[in-house]
Each structure stands twice: as structure tokens, then as C-alpha cells.
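A.B. asks: I have a structure here, written as C-alpha cells, and I will follow up with some questions on it.
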Amino acid sequence: MRGLELPINIIVIIAIAVLVLTVIAAFFTGALGGGTNAIATEQAFQKGCQLLRTVQACDSGRIEFVTIAGYRASQNGITADATSPGVPMLTVCTLKGASDASTCAQLCGCPA
């Protein structure tokens, strides 16, 4: 029984080492970086919804005039960028799954 214990322990250690190396490689290649864009997208959406409700009085026909300053569109979604003039609310809504301005306004809590 003692003879089988050593090879099993070595296999377990090798498996853990491979897993750790895979996670480290994914971190450095950017595969684990998607979370920050999701957070920025949600923050931009909340800021845009606030503008839609307060400045445009939940008028979905005026959603094209809502621009969210401090964010920009990138390949992976929305990214926080203090130097950016802003991203259109419709772009953010599209990333959130809204197909049109009316659906976007509803996602923001505006009446239909």
C-alpha cells in the first residue's frame, strides 16, 4: 500500500502545478481581464440611465442625445477613459441587450 501512495501524491502535485500555470498564463494573455469591461459597461449604463431620467425625462425618443462622458467603446465593450468625450447611450444599451431606444428606456426603469 505504501508503494502506491507516492505516485498518487506526485500525480496530484503535478495536476495542481499545471492548473496554477494555466491560470497564470490566462492572466498574462488577458483572458481573465473581461471583468473590468463588464463593470465599466454597467457603470456607464447606470450613469446613462440617470441622465435619461433626469435630463431627458425618460423620453426614449431623445435617447440619441444622451452621451456618457468618461467612457469609450472598445472591442471588448465599454472602457472607462477620463479623456474620452463620451459614448452614446444607444451603444451601451446594445451591449446590455436592448434592441431599440424604447427597450433601452425600459431597462432604465422608464415607463413604456
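A note on labels: chains of the C-alpha cells are A, B, ... as shown, every chain counts residues from 1, and ligands are counted from 1 in their shown order.
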Can you tell me, as a PyMOL selection string, what residues are no more than 9 Å from A:Lys47 when counting only C-alpha atoms, ignoring any on the same chain fewer than 5 positions away?
C.D. replies: chain A and resi 42+52+68
A.B. asks: Mind checking which residues fall within 7 Å of A:Tyr71, counting only C-alpha atoms, ignoring those fewer than 5 positions away in the same chain, and posting them as number ranges by chain?
C.D. replies: A: 44, 78-82, 84, 86-87
A.B. asks: Between A:Ser74, A:Thr22, A:Thr67, A:Thr29, which has the minimum distance to A:Leu90 (counting only C-alpha atoms)?
C.D. replies: A:Thr67
A.B. asks: I'd like the interatomic distance between atom CA of A:Cys104 and atom CA of A:Gly77, to a tenth of an Å.
C.D. replies: 16.7 Å
A.B. asks: Can you list, as number ranges by chain, every residue of stretch 34-106 of chain A that DSSP puts in helix (DSSP H, G or I)?
C.D. replies: A: 34-54, 60-65, 89-95, 101-106
A.B. asks: For the contact check between stretch 33-74 of chain A and stretch 91-100 of chain A, emit one row per residue of stretch 33-74 of chain A within 8 Å, containing the shortest atom pair and the distance in Å rounded to one decimal, counting only C-alpha atoms, chain then rising number order, as JSON lines.
C.D. replies:
{"residue": "A:Thr41", "atom": "CA", "partner": "A:Val92", "partner_atom": "CA", "distance": 6.8}
{"residue": "A:Ala44", "atom": "CA", "partner": "A:Val92", "partner_atom": "CA", "distance": 7.2}
{"residue": "A:Phe45", "atom": "CA", "partner": "A:Val92", "partner_atom": "CA", "distance": 6.1}
{"residue": "A:Ala73", "atom": "CA", "partner": "A:Thr91", "partner_atom": "CA", "distance": 7.9}
A.B. asks: Save the residues we just selected, N, CA and C atoms, as a compact mmCIF listing (two decimals), in the first residue's frame?
C.D. replies:
# COMPACT_ATOMS: atom_id res chain seq x y z
N THR A 41 -19.03 48.81 -18.23
CA THR A 41 -20.26 48.85 -19.02
C THR A 41 -21.46 49.09 -18.10
N ALA A 44 -21.37 52.73 -16.82
CA ALA A 44 -21.78 53.65 -17.88
C ALA A 44 -23.29 53.57 -18.09
N PHE A 45 -23.84 52.36 -18.05
CA PHE A 45 -25.28 52.19 -18.22
C PHE A 45 -26.04 52.90 -17.11
N ALA A 73 -16.08 53.32 -26.22
CA ALA A 73 -16.35 51.98 -26.71
C ALA A 73 -15.04 51.35 -27.18
A.B. asks: Using only C-alpha atoms, find the one residue out of A:Asn76, A:Pro88, A:Val66, A:Ser60 that sits nearest to A:Ser102.
C.D. replies: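 Counting only C-alpha atoms, the residue closest to A:Ser102 is A:Ser60.
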A.B. asks: Could you write out, as a PyMOL selection string, all the residues of stretch 2-82 of chain A that DSSP marks as strand (DSSP E)?
C.D. replies: chain A and resi 67-68+71-74+77-80
A.B. asks: Just give me the gap between atom CA of A:Arg53 and atom CA of A:Cys110 in Å, one decimal is fine.
C.D. replies: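 Separation between atom CA of A:Arg53 and atom CA of A:Cys110: 7.2 Å.
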A.B. asks: Using atom CA of A:Cys49 and atom CA of A:Cys108 as the two end points, give the distance in Å to one decimal.
C.D. replies: 5.2 Å
